[in-house]
Amino acid sequence: MVSSGDLSEPSKPPVWQPLTFGGVAGFARVRWTRLLLLQGIVAALVAVNVVLLLGRGWFPVVTQAVQGLNDFGAVRGARLAWPAKEAVVLAENRFLGLVVDLEESGGTGQIADLQIEFSRERIKVVSLLGYTSLPYPGGVEIELNRQTLDPWWNAWRPAFMFGGAFGTMLFLFASWSALAVLYAVPVRVLAWFAGRAASPGKSWRVAAAALLPG
């Protein structure tokens with residue numbers, strides 16, 4: 001004889017992973033807090049990788065460049081005043097390169113994924129995807145010598161590290177939220193065709209969970 005307990009539906013497993021179709025769909029029936037917790041874990045992992053990139057890839061280059069500066073160098077009147085006309089590599093590795101090239105001759109070449117070039121009237125940011133440039137700010141005098149920049153960089157380096165981690169997490173949460181609003185529309189349409197009830201909140205959670213793996 002089968003008891004009434006045997007006829008009850010088996011309990012569904014807890015929802016934690018968004019790596020399969022079933023795992024993603026399961027977020028439609030969980031609380032918002034579980035999705036937020038998982039988003040926080042993923043964002044923290046990405047932020048750790050950003051901190052490692054900054055600490056091991058970029059910041060050592062900046063430190064070497066600052067320590068190698070001479071006693072003269074400044075931005076005055078939206079122009080860079082530099083003691084030498086020849087292009088020079090201040091510091092570089094395969095991640096970041098810092099170059100002073102007043103005449104934009106390109107004589108230093110590029111081995112870094114991202115290279116920042118200081119020319120006479122602008123800053124060029126060159127990457128594998130192309131380049132963009134920014135003019136020096138007018139009406140502001142910026143000292144570019146070791147005596148000024150070395151203590152400033154040592155004091156603010158931890159803040160830049162924290163800012164990189166916090167900014168990464170903030171960007172991820174903002175982009176996930178915005179993209180989930182867009183992707184929730186096709187999720188709800190598919191649920192309607194499948195004959196499933198899907199409220200806007202459930203559709204948003206499914207769309208947000210689907211974004212976490214990549």
# chains A, B, ... in the order shown; residues from 1 in each chain; ligands from 1
>>> select_by_dssp(residues="segment 7-210 of chain A", states="helix (DSSP H, G or I)", output="VMD selection string")
chain A and resid 7 21 to 29 32 to 67 146 to 193 200 to 210
>>> residues_around(residues="segment 65-72 of chain A", least_positions_apart="4", cutoff="7 Å", atoms="only C-alpha atoms", output="count of residues only")
9
>>> residues_around(residues="Leu53 of chain A", least_positions_apart="4", cutoff="12 Å", atoms="only C-alpha atoms", output="list in words")
Val46, Ala47, Val48, Asn49, Gly57, Trp58, Phe59, Pro60, Val61, Arg94, Phe95, Leu96, Met161, Gly164 and Ala165 of chain A
>>> residues_around(residues="Arg76 of chain A", least_positions_apart="3", cutoff="12 Å", atoms="only C-alpha atoms", output="ChimeraX atom specification")
/A:73,79-82,120-121,136-144
>>> residues_around(residues="Glu103 of chain A", least_positions_apart="2", cutoff="7 Å", atoms="only C-alpha atoms", output="ChimeraX atom specification")
/A:101,105,119-120
>>> decode(residues="segment 23-37 of chain A", atoms="all heavy atoms", output="short mmCIF file (atom, residue, chain, number, x, y, z; two decimals), in the first residue's frame")
data_model
loop_
_atom_site.label_atom_id
_atom_site.label_comp_id
_atom_site.auth_asym_id
_atom_site.auth_seq_id
_atom_site.Cartn_x
_atom_site.Cartn_y
_atom_site.Cartn_z
N GLY A 23 19.35 25.19 -14.53
CA GLY A 23 19.84 26.02 -13.44
C GLY A 23 19.41 27.47 -13.58
O GLY A 23 19.02 28.12 -12.60
N VAL A 24 19.48 27.99 -14.80
CA VAL A 24 19.06 29.37 -15.05
C VAL A 24 17.55 29.52 -14.83
O VAL A 24 17.09 30.47 -14.18
CB VAL A 24 19.44 29.81 -16.47
CG1 VAL A 24 18.80 31.15 -16.82
CG2 VAL A 24 20.96 29.89 -16.60
N ALA A 25 16.78 28.57 -15.36
CA ALA A 25 15.32 28.65 -15.22
C ALA A 25 14.90 28.56 -13.76
O ALA A 25 13.87 29.12 -13.37
CB ALA A 25 14.67 27.53 -16.02
N GLY A 26 15.70 27.87 -12.94
CA GLY A 26 15.34 27.73 -11.54
C GLY A 26 15.32 29.04 -10.78
O GLY A 26 14.68 29.15 -9.73
N PHE A 27 16.02 30.07 -11.28
CA PHE A 27 16.04 31.35 -10.58
C PHE A 27 14.70 32.08 -10.67
O PHE A 27 14.51 33.08 -9.99
CB PHE A 27 17.16 32.23 -11.14
CG PHE A 27 18.51 31.88 -10.61
CD1 PHE A 27 19.30 30.94 -11.25
CD2 PHE A 27 19.00 32.47 -9.46
CE1 PHE A 27 20.54 30.60 -10.76
CE2 PHE A 27 20.24 32.14 -8.95
CZ PHE A 27 21.02 31.19 -9.60
N ALA A 28 13.79 31.57 -11.49
CA ALA A 28 12.46 32.18 -11.54
C ALA A 28 11.68 31.92 -10.26
O ALA A 28 10.74 32.65 -9.94
CB ALA A 28 11.69 31.63 -12.74
N ARG A 29 12.05 30.89 -9.50
CA ARG A 29 11.28 30.52 -8.30
C ARG A 29 12.04 30.78 -7.00
O ARG A 29 11.61 30.32 -5.95
CB ARG A 29 10.89 29.04 -8.38
CG ARG A 29 12.04 28.08 -8.54
CD ARG A 29 11.55 26.63 -8.66
NE ARG A 29 12.63 25.70 -8.95
CZ ARG A 29 13.43 25.17 -8.05
NH1 ARG A 29 13.27 25.48 -6.77
NH2 ARG A 29 14.39 24.33 -8.42
N VAL A 30 13.15 31.49 -7.06
CA VAL A 30 13.90 31.77 -5.83
C VAL A 30 13.72 33.23 -5.45
O VAL A 30 13.23 34.06 -6.22
CB VAL A 30 15.40 31.45 -6.01
CG1 VAL A 30 15.59 29.98 -6.35
CG2 VAL A 30 16.02 32.34 -7.08
N ARG A 31 14.15 33.55 -4.25
CA ARG A 31 14.07 34.93 -3.78
C ARG A 31 15.14 35.79 -4.46
O ARG A 31 16.14 35.29 -4.94
CB ARG A 31 14.27 34.98 -2.26
CG ARG A 31 13.16 34.30 -1.47
CD ARG A 31 13.47 34.37 0.01
NE ARG A 31 12.42 33.76 0.81
CZ ARG A 31 11.36 34.40 1.26
NH1 ARG A 31 11.21 35.69 1.00
NH2 ARG A 31 10.45 33.77 1.97
N TRP A 32 14.89 37.10 -4.44
CA TRP A 32 15.85 38.04 -5.01
C TRP A 32 17.19 37.96 -4.28
O TRP A 32 18.25 38.15 -4.89
CB TRP A 32 15.31 39.46 -4.90
CG TRP A 32 14.08 39.72 -5.71
CD1 TRP A 32 12.80 39.45 -5.37
CD2 TRP A 32 14.03 40.30 -7.01
NE1 TRP A 32 11.94 39.82 -6.36
CE2 TRP A 32 12.67 40.36 -7.40
CE3 TRP A 32 14.99 40.78 -7.89
CZ2 TRP A 32 12.25 40.87 -8.61
CZ3 TRP A 32 14.58 41.31 -9.11
CH2 TRP A 32 13.23 41.34 -9.46
N THR A 33 17.14 37.69 -2.98
CA THR A 33 18.37 37.70 -2.19
C THR A 33 19.36 36.64 -2.66
O THR A 33 20.57 36.86 -2.62
CB THR A 33 18.05 37.48 -0.71
OG1 THR A 33 17.21 36.31 -0.57
CG2 THR A 33 17.32 38.68 -0.14
N ARG A 34 18.86 35.49 -3.11
CA ARG A 34 19.78 34.45 -3.58
C ARG A 34 20.48 34.88 -4.86
O ARG A 34 21.68 34.66 -5.03
CB ARG A 34 19.03 33.13 -3.79
CG ARG A 34 19.94 32.01 -4.28
CD ARG A 34 19.27 30.67 -4.22
NE ARG A 34 18.91 30.32 -2.85
CZ ARG A 34 18.39 29.14 -2.50
NH1 ARG A 34 18.18 28.22 -3.42
NH2 ARG A 34 18.08 28.89 -1.25
N LEU A 35 19.75 35.50 -5.76
CA LEU A 35 20.36 35.99 -6.99
C LEU A 35 21.38 37.09 -6.68
O LEU A 35 22.48 37.10 -7.24
CB LEU A 35 19.29 36.52 -7.94
CG LEU A 35 19.80 37.17 -9.23
CD1 LEU A 35 20.61 36.18 -10.06
CD2 LEU A 35 18.64 37.73 -10.05
N LEU A 36 21.03 37.99 -5.77
CA LEU A 36 21.95 39.07 -5.41
C LEU A 36 23.22 38.51 -4.76
O LEU A 36 24.32 39.01 -5.00
CB LEU A 36 21.27 40.05 -4.46
CG LEU A 36 20.17 40.92 -5.08
CD1 LEU A 36 19.50 41.77 -4.00
CD2 LEU A 36 20.75 41.82 -6.17
N LEU A 37 23.06 37.47 -3.94
CA LEU A 37 24.22 36.85 -3.31
C LEU A 37 25.14 36.23 -4.36
O LEU A 37 26.36 36.40 -4.31
CB LEU A 37 23.77 35.79 -2.30
CG LEU A 37 24.89 34.99 -1.62
CD1 LEU A 37 25.82 35.92 -0.85
CD2 LEU A 37 24.30 33.93 -0.69
#
